Amino acid sequence: MWLGISMAIAGVLYMVSRGDPSSLLALSLNVGDLMLVASCLGVGAYGVSIKTIPSGLHPLSLLTVVCTVGSLVHVPFVAYEIMSGEQVVLSAKSAVSLTFLAIFPSVVAILIWNSAIVRIGPSRSTMYMYLIPVITAVLAIPLLGESIGVYHIVGAILIEIGVTQASRKARPASQDAA
């Protein structure tokens with residue numbers, strides 16, 4: 001499992017560094033990067049803490065709690081934007097975008113994530129978070145017009161091998177009769 005985790009991390013770092021590991025030393029994090037790291041840590045903590053939730057809790061009740069907490073976490077950011085003079089622009093495009101975000105990354109993703117945790121456990125399901133850079137790179141082609149580089153392919157292969165290796169169920173030790 002540790003070998004798989006190490007390979008997945010190496011794949012992510014390879015993609016982030018664009019194939020030049022020495023460039024990692026020159027990385028500087030901005031506020032958005034730190035918020036993303038905090039979000040990933042939050043999702044990891046959620047995956048681990050979900051074991052403590054009573055088994056009789058209905059999935060939609062859990063989803064309601066998660067969405068409510070998520071909404072409350074956003075209040076300070078909305079307040080900051082309003083106090084900074086930013087205005088919400090209501091248009092058909094923004095309505096479609098918000099509806100998409102409310103349905104897919106919020107409701108559908110959380111329901112699927114919770115189902116995965118129930119089926120394969122929090123440790124194994126968390127390994128699939130390493131696929132986010134791979135999926136992001138693939139989606140960046142049609143959505144942003146990005147092109148795939150060799151570092152994407154090498155990183156994706158390392159991540160896929162690592163996730164596959166780390167998410168395997170441990171085999172019971174063979175019991176040889178003595």
# chains A, B, ... in the order shown; residues from 1 in each chain; ligands from 1

$ residues_around --residues "A:Trp2" --least-positions-apart "3" --cutoff "8 Å" --atoms "only C-alpha atoms" --output "PDB file with N, CA and C atoms, in the first residue's frame"
ATOM      1  N   ILE A   5       0.940   4.432  -2.616  1.00  0.00           N
ATOM      2  CA  ILE A   5       0.790   5.829  -2.202  1.00  0.00           C
ATOM      3  C   ILE A   5       1.986   6.649  -2.690  1.00  0.00           C
ATOM      4  N   SER A   6       3.182   6.091  -2.529  1.00  0.00           N
ATOM      5  CA  SER A   6       4.394   6.793  -2.970  1.00  0.00           C
ATOM      6  C   SER A   6       4.386   7.033  -4.474  1.00  0.00           C
ATOM      7  N   ALA A 166      -2.322   0.722  -4.292  1.00  0.00           N
ATOM      8  CA  ALA A 166      -2.683   1.080  -2.916  1.00  0.00           C
ATOM      9  C   ALA A 166      -4.118   0.729  -2.564  1.00  0.00           C
TER      10      ALA A 166
END

$ residues_around --residues "A:Val138" --least-positions-apart "4" --cutoff "12 Å" --atoms "only C-alpha atoms" --output "list in words"
Leu131, Ile132, Pro133, Val134, Pro142, Leu143, Leu144, Gly145, Glu146, Ser147, Ile148, Gly149, His152, Ile153 and Ala156 of chain A

$ write_last_selection --atoms "N, CA and C atoms" --output "mmCIF file, in the first residue's frame"
data_model
loop_
_atom_site.group_PDB
_atom_site.id
_atom_site.type_symbol
_atom_site.label_atom_id
_atom_site.label_comp_id
_atom_site.auth_asym_id
_atom_site.auth_seq_id
_atom_site.Cartn_x
_atom_site.Cartn_y
_atom_site.Cartn_z
ATOM 1 N N LEU A 131 -6.542 10.839 -8.402
ATOM 2 C CA LEU A 131 -6.906 10.917 -9.812
ATOM 3 C C LEU A 131 -7.386 12.316 -10.224
ATOM 4 N N ILE A 132 -7.580 13.208 -9.270
ATOM 5 C CA ILE A 132 -8.071 14.555 -9.592
ATOM 6 C C ILE A 132 -7.164 15.261 -10.606
ATOM 7 N N PRO A 133 -5.823 15.238 -10.462
ATOM 8 C CA PRO A 133 -4.993 15.911 -11.482
ATOM 9 C C PRO A 133 -5.123 15.265 -12.864
ATOM 10 N N VAL A 134 -5.324 13.959 -12.899
ATOM 11 C CA VAL A 134 -5.476 13.265 -14.183
ATOM 12 C C VAL A 134 -6.780 13.700 -14.845
ATOM 13 N N PRO A 142 -10.774 19.635 -23.756
ATOM 14 C CA PRO A 142 -11.927 20.208 -24.462
ATOM 15 C C PRO A 142 -12.432 21.532 -23.859
ATOM 16 N N LEU A 143 -12.283 21.706 -22.537
ATOM 17 C CA LEU A 143 -12.854 22.886 -21.900
ATOM 18 C C LEU A 143 -11.973 24.118 -21.984
ATOM 19 N N LEU A 144 -10.657 23.931 -21.960
ATOM 20 C CA LEU A 144 -9.744 25.079 -21.947
ATOM 21 C C LEU A 144 -8.815 25.127 -23.162
ATOM 22 N N GLY A 145 -8.921 24.124 -24.029
ATOM 23 C CA GLY A 145 -8.057 24.093 -25.204
ATOM 24 C C GLY A 145 -6.615 23.751 -24.893
ATOM 25 N N GLU A 146 -6.382 23.129 -23.746
ATOM 26 C CA GLU A 146 -5.012 22.744 -23.360
ATOM 27 C C GLU A 146 -4.557 21.548 -24.194
ATOM 28 N N SER A 147 -3.260 21.360 -24.262
ATOM 29 C CA SER A 147 -2.720 20.183 -24.932
ATOM 30 C C SER A 147 -2.037 19.308 -23.887
ATOM 31 N N ILE A 148 -1.997 18.032 -24.170
ATOM 32 C CA ILE A 148 -1.389 17.066 -23.250
ATOM 33 C C ILE A 148 0.102 16.994 -23.530
ATOM 34 N N GLY A 149 0.887 17.059 -22.456
ATOM 35 C CA GLY A 149 2.338 16.927 -22.573
ATOM 36 C C GLY A 149 2.785 15.553 -22.096
ATOM 37 N N HIS A 152 2.195 14.920 -18.491
ATOM 38 C CA HIS A 152 0.842 14.505 -18.119
ATOM 39 C C HIS A 152 0.715 12.981 -18.203
ATOM 40 N N ILE A 153 1.215 12.436 -19.284
ATOM 41 C CA ILE A 153 1.087 10.991 -19.515
ATOM 42 C C ILE A 153 1.895 10.209 -18.487
ATOM 43 N N ALA A 156 0.223 10.604 -15.107
ATOM 44 C CA ALA A 156 -1.028 9.841 -15.054
ATOM 45 C C ALA A 156 -0.756 8.349 -14.902
#

$ residues_around --residues "A:Thr64" --least-positions-apart "5" --cutoff "12 Å" --atoms "only C-alpha atoms" --output "list of chain:residue names"
A:Leu57, A:His58, A:Pro59, A:Val69, A:Gly70, A:Ser71, A:Ser106, A:Val107, A:Ile110, A:Leu111

$ residues_around --residues "stretch 23-31 of chain A" --least-positions-apart "6" --cutoff "9 Å" --atoms "only C-alpha atoms" --output "PyMOL selection string"
chain A and resi 13+16-17

$ residues_around --residues "A:Lys51" --least-positions-apart "4" --cutoff "12 Å" --atoms "only C-alpha atoms" --output "tab-separated table (two decimals) with C-alpha atoms, in the first residue's frame"
chain	number	residue	atom	x	y	z
A	45	ALA	CA	-10.85	14.29	7.34
A	46	TYR	CA	-14.44	13.74	6.22
A	47	GLY	CA	-13.49	10.37	4.73
A	55	SER	CA	-24.91	3.54	10.54
A	57	LEU	CA	-28.29	7.79	9.43
A	114	ASN	CA	-20.46	8.34	0.52
A	117	ILE	CA	-16.87	4.89	1.43
A	118	VAL	CA	-19.59	2.43	2.44
A	121	GLY	CA	-14.00	1.89	3.06
A	122	PRO	CA	-12.55	5.34	3.70
A	123	SER	CA	-8.89	4.41	3.27

$ atom_distance --atom1 "atom CA of A:Leu3" --atom2 "atom CA of A:Tyr130"
14.0 Å

$ atom_distance --atom1 "atom CA of A:Val37" --atom2 "atom CA of A:Thr126"
14.7 Å

$ select_by_dssp --residues "stretch 22-153 of chain A" --states "alpha helix (DSSP H)" --output "mmCIF file with N, CA and C atoms, in the first residue's frame"
data_model
loop_
_atom_site.group_PDB
_atom_site.id
_atom_site.type_symbol
_atom_site.label_atom_id
_atom_site.label_comp_id
_atom_site.auth_asym_id
_atom_site.auth_seq_id
_atom_site.Cartn_x
_atom_site.Cartn_y
_atom_site.Cartn_z
ATOM 1 N N VAL A 31 -2.981 32.282 -2.071
ATOM 2 C CA VAL A 31 -4.112 32.042 -1.166
ATOM 3 C C VAL A 31 -5.030 30.952 -1.723
ATOM 4 N N GLY A 32 -5.274 30.977 -3.031
ATOM 5 C CA GLY A 32 -6.131 29.965 -3.652
ATOM 6 C C GLY A 32 -5.553 28.566 -3.511
ATOM 7 N N ASP A 33 -4.234 28.436 -3.673
ATOM 8 C CA ASP A 33 -3.579 27.137 -3.502
ATOM 9 C C ASP A 33 -3.761 26.629 -2.078
ATOM 10 N N LEU A 34 -3.571 27.522 -1.121
ATOM 11 C CA LEU A 34 -3.713 27.135 0.282
ATOM 12 C C LEU A 34 -5.157 26.743 0.597
ATOM 13 N N MET A 35 -6.116 27.431 -0.016
ATOM 14 C CA MET A 35 -7.525 27.077 0.184
ATOM 15 C C MET A 35 -7.812 25.691 -0.402
ATOM 16 N N LEU A 36 -7.204 25.395 -1.553
ATOM 17 C CA LEU A 36 -7.391 24.081 -2.166
ATOM 18 C C LEU A 36 -6.783 22.988 -1.296
ATOM 19 N N VAL A 37 -5.603 23.232 -0.752
ATOM 20 C CA VAL A 37 -4.972 22.265 0.148
ATOM 21 C C VAL A 37 -5.859 22.039 1.376
ATOM 22 N N ALA A 38 -6.388 23.127 1.938
ATOM 23 C CA ALA A 38 -7.290 23.010 3.094
ATOM 24 C C ALA A 38 -8.538 22.216 2.728
ATOM 25 N N SER A 39 -9.057 22.429 1.524
ATOM 26 C CA SER A 39 -10.230 21.673 1.077
ATOM 27 C C SER A 39 -9.925 20.181 0.968
ATOM 28 N N CYS A 40 -8.775 19.867 0.410
ATOM 29 C CA CYS A 40 -8.382 18.450 0.289
ATOM 30 C C CYS A 40 -8.206 17.814 1.656
ATOM 31 N N LEU A 41 -7.608 18.557 2.580
ATOM 32 C CA LEU A 41 -7.470 18.038 3.945
ATOM 33 C C LEU A 41 -8.848 17.831 4.581
ATOM 34 N N GLY A 42 -9.776 18.748 4.300
ATOM 35 C CA GLY A 42 -11.141 18.608 4.814
ATOM 36 C C GLY A 42 -11.834 17.378 4.262
ATOM 37 N N VAL A 43 -11.672 17.128 2.966
ATOM 38 C CA VAL A 43 -12.279 15.937 2.364
ATOM 39 C C VAL A 43 -11.649 14.677 2.953
ATOM 40 N N GLY A 44 -10.342 14.706 3.169
ATOM 41 C CA GLY A 44 -9.675 13.561 3.798
ATOM 42 C C GLY A 44 -10.180 13.323 5.215
ATOM 43 N N ALA A 45 -10.322 14.403 5.969
ATOM 44 C CA ALA A 45 -10.850 14.290 7.342
ATOM 45 C C ALA A 45 -12.282 13.769 7.328
ATOM 46 N N TYR A 46 -13.061 14.223 6.366
ATOM 47 C CA TYR A 46 -14.437 13.737 6.219
ATOM 48 C C TYR A 46 -14.440 12.232 5.964
ATOM 49 N N GLY A 47 -13.566 11.791 5.058
ATOM 50 C CA GLY A 47 -13.491 10.367 4.731
ATOM 51 C C GLY A 47 -13.134 9.512 5.928
ATOM 52 N N VAL A 48 -12.264 10.028 6.782
ATOM 53 C CA VAL A 48 -11.858 9.281 7.968
ATOM 54 C C VAL A 48 -12.937 9.347 9.048
ATOM 55 N N SER A 49 -13.525 10.533 9.241
ATOM 56 C CA SER A 49 -14.496 10.703 10.326
ATOM 57 C C SER A 49 -15.850 10.086 10.019
ATOM 58 N N PRO A 59 -28.596 8.484 4.063
ATOM 59 C CA PRO A 59 -27.628 9.214 3.235
ATOM 60 C C PRO A 59 -28.074 10.637 2.883
ATOM 61 N N LEU A 60 -29.369 10.847 2.680
ATOM 62 C CA LEU A 60 -29.832 12.194 2.346
ATOM 63 C C LEU A 60 -29.776 13.128 3.551
ATOM 64 N N SER A 61 -29.937 12.565 4.754
ATOM 65 C CA SER A 61 -29.779 13.386 5.962
ATOM 66 C C SER A 61 -28.332 13.830 6.106
ATOM 67 N N LEU A 62 -27.417 12.903 5.869
ATOM 68 C CA LEU A 62 -25.991 13.241 5.916
ATOM 69 C C LEU A 62 -25.664 14.286 4.854
ATOM 70 N N LEU A 63 -26.205 14.119 3.666
ATOM 71 C CA LEU A 63 -25.974 15.070 2.586
ATOM 72 C C LEU A 63 -26.486 16.458 2.974
ATOM 73 N N THR A 64 -27.635 16.516 3.619
ATOM 74 C CA THR A 64 -28.195 17.795 4.055
ATOM 75 C C THR A 64 -27.265 18.483 5.040
ATOM 76 N N VAL A 65 -26.721 17.714 5.978
ATOM 77 C CA VAL A 65 -25.797 18.281 6.960
ATOM 78 C C VAL A 65 -24.532 18.783 6.267
ATOM 79 N N VAL A 66 -23.973 17.985 5.360
ATOM 80 C CA VAL A 66 -22.750 18.369 4.654
ATOM 81 C C VAL A 66 -22.982 19.644 3.836
ATOM 82 N N CYS A 67 -24.088 19.703 3.116
ATOM 83 C CA CYS A 67 -24.374 20.900 2.295
ATOM 84 C C CYS A 67 -24.633 22.127 3.163
ATOM 85 N N THR A 68 -25.288 21.933 4.308
ATOM 86 C CA THR A 68 -25.539 23.056 5.211
ATOM 87 C C THR A 68 -24.228 23.600 5.762
ATOM 88 N N VAL A 69 -23.367 22.704 6.219
ATOM 89 C CA VAL A 69 -22.058 23.139 6.741
ATOM 90 C C VAL A 69 -21.256 23.809 5.625
ATOM 91 N N GLY A 70 -21.280 23.221 4.431
ATOM 92 C CA GLY A 70 -20.565 23.812 3.304
ATOM 93 C C GLY A 70 -21.073 25.204 2.978
ATOM 94 N N SER A 71 -22.375 25.389 3.043
ATOM 95 C CA SER A 71 -22.958 26.720 2.791
ATOM 96 C C SER A 71 -22.510 27.719 3.843
ATOM 97 N N LEU A 72 -22.503 27.296 5.097
ATOM 98 C CA LEU A 72 -22.089 28.194 6.181
ATOM 99 C C LEU A 72 -20.618 28.581 6.061
ATOM 100 N N VAL A 73 -19.795 27.659 5.590
ATOM 101 C CA VAL A 73 -18.370 27.948 5.413
ATOM 102 C C VAL A 73 -18.172 29.029 4.354
ATOM 103 N N HIS A 74 -19.063 29.098 3.392
ATOM 104 C CA HIS A 74 -18.942 30.083 2.321
ATOM 105 C C HIS A 74 -19.397 31.487 2.720
ATOM 106 N N VAL A 75 -20.164 31.615 3.794
ATOM 107 C CA VAL A 75 -20.713 32.915 4.202
ATOM 108 C C VAL A 75 -19.635 33.986 4.376
ATOM 109 N N PRO A 76 -18.524 33.715 5.072
ATOM 110 C CA PRO A 76 -17.508 34.777 5.213
ATOM 111 C C PRO A 76 -16.919 35.230 3.871
ATOM 112 N N PHE A 77 -16.781 34.312 2.927
ATOM 113 C CA PHE A 77 -16.229 34.669 1.624
ATOM 114 C C PHE A 77 -17.208 35.538 0.831
ATOM 115 N N VAL A 78 -18.483 35.210 0.908
ATOM 116 C CA VAL A 78 -19.507 36.025 0.242
ATOM 117 C C VAL A 78 -19.558 37.404 0.890
ATOM 118 N N ALA A 79 -19.516 37.435 2.208
ATOM 119 C CA ALA A 79 -19.542 38.719 2.920
ATOM 120 C C ALA A 79 -18.338 39.572 2.525
ATOM 121 N N TYR A 80 -17.166 38.967 2.426
ATOM 122 C CA TYR A 80 -15.961 39.697 2.025
ATOM 123 C C TYR A 80 -16.117 40.296 0.628
ATOM 124 N N GLU A 81 -16.649 39.490 -0.298
ATOM 125 C CA GLU A 81 -16.824 39.993 -1.662
ATOM 126 C C GLU A 81 -17.807 41.151 -1.697
ATOM 127 N N ILE A 82 -18.896 41.036 -0.952
ATOM 128 C CA ILE A 82 -19.894 42.112 -0.930
ATOM 129 C C ILE A 82 -19.286 43.376 -0.329
ATOM 130 N N MET A 83 -18.534 43.219 0.769
ATOM 131 C CA MET A 83 -17.906 44.377 1.414
ATOM 132 C C MET A 83 -16.816 44.986 0.533
ATOM 133 N N ALA A 92 -28.328 34.269 -17.375
ATOM 134 C CA ALA A 92 -28.646 32.874 -17.705
ATOM 135 C C ALA A 92 -27.398 31.998 -17.514
ATOM 136 N N LYS A 93 -26.251 32.515 -17.925
ATOM 137 C CA LYS A 93 -25.002 31.755 -17.801
ATOM 138 C C LYS A 93 -24.655 31.497 -16.331
ATOM 139 N N SER A 94 -24.784 32.522 -15.483
ATOM 140 C CA SER A 94 -24.466 32.322 -14.067
ATOM 141 C C SER A 94 -25.488 31.387 -13.411
ATOM 142 N N ALA A 95 -26.750 31.458 -13.816
ATOM 143 C CA ALA A 95 -27.778 30.568 -13.259
ATOM 144 C C ALA A 95 -27.498 29.116 -13.636
ATOM 145 N N VAL A 96 -27.132 28.888 -14.893
ATOM 146 C CA VAL A 96 -26.800 27.524 -15.336
ATOM 147 C C VAL A 96 -25.554 27.032 -14.599
ATOM 148 N N SER A 97 -24.558 27.893 -14.458
ATOM 149 C CA SER A 97 -23.316 27.511 -13.762
ATOM 150 C C SER A 97 -23.592 27.154 -12.306
ATOM 151 N N LEU A 98 -24.364 27.980 -11.613
ATOM 152 C CA LEU A 98 -24.677 27.698 -10.211
ATOM 153 C C LEU A 98 -25.520 26.445 -10.058
ATOM 154 N N THR A 99 -26.457 26.232 -10.969
ATOM 155 C CA THR A 99 -27.282 25.024 -10.929
ATOM 156 C C THR A 99 -26.408 23.784 -11.125
ATOM 157 N N PHE A 100 -25.502 23.851 -12.105
ATOM 158 C CA PHE A 100 -24.578 22.741 -12.339
ATOM 159 C C PHE A 100 -23.761 22.460 -11.081
ATOM 160 N N LEU A 101 -23.194 23.510 -10.485
ATOM 161 C CA LEU A 101 -22.376 23.340 -9.278
ATOM 162 C C LEU A 101 -23.187 22.793 -8.110
ATOM 163 N N ALA A 109 -21.787 14.307 -6.362
ATOM 164 C CA ALA A 109 -20.443 13.864 -5.970
ATOM 165 C C ALA A 109 -20.414 13.364 -4.528
ATOM 166 N N ILE A 110 -21.108 14.062 -3.635
ATOM 167 C CA ILE A 110 -21.106 13.636 -2.232
ATOM 168 C C ILE A 110 -21.835 12.312 -2.069
ATOM 169 N N LEU A 111 -22.957 12.130 -2.769
ATOM 170 C CA LEU A 111 -23.676 10.850 -2.691
ATOM 171 C C LEU A 111 -22.815 9.689 -3.207
ATOM 172 N N ILE A 112 -22.119 9.925 -4.319
ATOM 173 C CA ILE A 112 -21.242 8.878 -4.869
ATOM 174 C C ILE A 112 -20.077 8.619 -3.925
ATOM 175 N N TRP A 113 -19.491 9.681 -3.377
ATOM 176 C CA TRP A 113 -18.369 9.547 -2.438
ATOM 177 C C TRP A 113 -18.797 8.737 -1.217
ATOM 178 N N ASN A 114 -19.969 9.074 -0.644
ATOM 179 C CA ASN A 114 -20.461 8.341 0.520
ATOM 180 C C ASN A 114 -20.711 6.880 0.183
ATOM 181 N N SER A 115 -21.240 6.625 -1.000
ATOM 182 C CA SER A 115 -21.470 5.243 -1.434
ATOM 183 C C SER A 115 -20.148 4.485 -1.556
ATOM 184 N N ALA A 116 -19.128 5.149 -2.099
ATOM 185 C CA ALA A 116 -17.815 4.505 -2.224
ATOM 186 C C ALA A 116 -17.229 4.194 -0.857
ATOM 187 N N ILE A 117 -17.393 5.120 0.085
ATOM 188 C CA ILE A 117 -16.868 4.891 1.430
ATOM 189 C C ILE A 117 -17.544 3.683 2.068
ATOM 190 N N VAL A 118 -18.859 3.574 1.879
ATOM 191 C CA VAL A 118 -19.594 2.433 2.437
ATOM 192 C C VAL A 118 -19.137 1.135 1.789
ATOM 193 N N ARG A 119 -18.937 1.160 0.482
ATOM 194 C CA ARG A 119 -18.605 -0.071 -0.253
ATOM 195 C C ARG A 119 -17.161 -0.532 -0.076
ATOM 196 N N ILE A 120 -16.205 0.407 -0.150
ATOM 197 C CA ILE A 120 -14.801 -0.031 -0.119
ATOM 198 C C ILE A 120 -14.023 0.535 1.058
ATOM 199 N N PRO A 122 -13.121 4.002 3.869
ATOM 200 C CA PRO A 122 -12.552 5.342 3.702
ATOM 201 C C PRO A 122 -11.105 5.338 3.214
ATOM 202 N N SER A 123 -10.306 4.408 3.670
ATOM 203 C CA SER A 123 -8.885 4.409 3.275
ATOM 204 C C SER A 123 -8.740 4.155 1.782
ATOM 205 N N ARG A 124 -9.413 3.139 1.284
ATOM 206 C CA ARG A 124 -9.297 2.816 -0.140
ATOM 207 C C ARG A 124 -9.963 3.867 -1.014
ATOM 208 N N SER A 125 -11.105 4.391 -0.580
ATOM 209 C CA SER A 125 -11.792 5.390 -1.416
ATOM 210 C C SER A 125 -11.011 6.697 -1.484
ATOM 211 N N THR A 126 -10.308 7.047 -0.428
ATOM 212 C CA THR A 126 -9.514 8.281 -0.425
ATOM 213 C C THR A 126 -8.390 8.219 -1.455
ATOM 214 N N ILE A 132 -7.580 13.208 -9.270
ATOM 215 C CA ILE A 132 -8.071 14.555 -9.592
ATOM 216 C C ILE A 132 -7.164 15.261 -10.606
ATOM 217 N N PRO A 133 -5.823 15.238 -10.462
ATOM 218 C CA PRO A 133 -4.993 15.911 -11.482
ATOM 219 C C PRO A 133 -5.123 15.265 -12.864
ATOM 220 N N VAL A 134 -5.324 13.959 -12.899
ATOM 221 C CA VAL A 134 -5.476 13.265 -14.183
ATOM 222 C C VAL A 134 -6.780 13.700 -14.845
ATOM 223 N N ILE A 135 -7.865 13.681 -14.079
ATOM 224 C CA ILE A 135 -9.167 14.084 -14.617
ATOM 225 C C ILE A 135 -9.145 15.546 -15.021
ATOM 226 N N THR A 136 -8.489 16.382 -14.219
ATOM 227 C CA THR A 136 -8.378 17.805 -14.539
ATOM 228 C C THR A 136 -7.642 18.007 -15.854
ATOM 229 N N ALA A 137 -6.542 17.278 -16.050
ATOM 230 C CA ALA A 137 -5.775 17.404 -17.296
ATOM 231 C C ALA A 137 -6.610 16.953 -18.497
ATOM 232 N N VAL A 138 -7.363 15.878 -18.332
ATOM 233 C CA VAL A 138 -8.198 15.379 -19.431
ATOM 234 C C VAL A 138 -9.304 16.382 -19.752
ATOM 235 N N LEU A 139 -9.954 16.941 -18.731
ATOM 236 C CA LEU A 139 -11.030 17.909 -18.961
ATOM 237 C C LEU A 139 -10.510 19.237 -19.508
ATOM 238 N N ALA A 140 -9.240 19.561 -19.235
ATOM 239 C CA ALA A 140 -8.676 20.822 -19.714
ATOM 240 C C ALA A 140 -8.506 20.830 -21.231
ATOM 241 N N ILE A 141 -8.491 19.663 -21.837
ATOM 242 C CA ILE A 141 -8.341 19.603 -23.304
ATOM 243 C C ILE A 141 -9.580 20.197 -23.982
ATOM 244 N N PRO A 142 -10.774 19.635 -23.756
ATOM 245 C CA PRO A 142 -11.927 20.208 -24.462
ATOM 246 C C PRO A 142 -12.432 21.532 -23.859
ATOM 247 N N LEU A 143 -12.283 21.706 -22.537
ATOM 248 C CA LEU A 143 -12.854 22.886 -21.900
ATOM 249 C C LEU A 143 -11.973 24.118 -21.984
ATOM 250 N N LEU A 144 -10.657 23.931 -21.960
ATOM 251 C CA LEU A 144 -9.744 25.079 -21.947
ATOM 252 C C LEU A 144 -8.815 25.127 -23.162
ATOM 253 N N VAL A 150 4.008 15.233 -22.358
ATOM 254 C CA VAL A 150 4.563 13.947 -21.917
ATOM 255 C C VAL A 150 4.476 13.838 -20.400
ATOM 256 N N TYR A 151 4.692 14.955 -19.692
ATOM 257 C CA TYR A 151 4.635 14.921 -18.230
ATOM 258 C C TYR A 151 3.238 14.559 -17.731
ATOM 259 N N HIS A 152 2.195 14.920 -18.491
ATOM 260 C CA HIS A 152 0.842 14.505 -18.119
ATOM 261 C C HIS A 152 0.715 12.981 -18.203
ATOM 262 N N ILE A 153 1.215 12.436 -19.284
ATOM 263 C CA ILE A 153 1.087 10.991 -19.515
ATOM 264 C C ILE A 153 1.895 10.209 -18.487
#

$ atom_distance --atom1 "atom CA of A:Met7" --atom2 "atom CA of A:Gln165"
8.9 Å
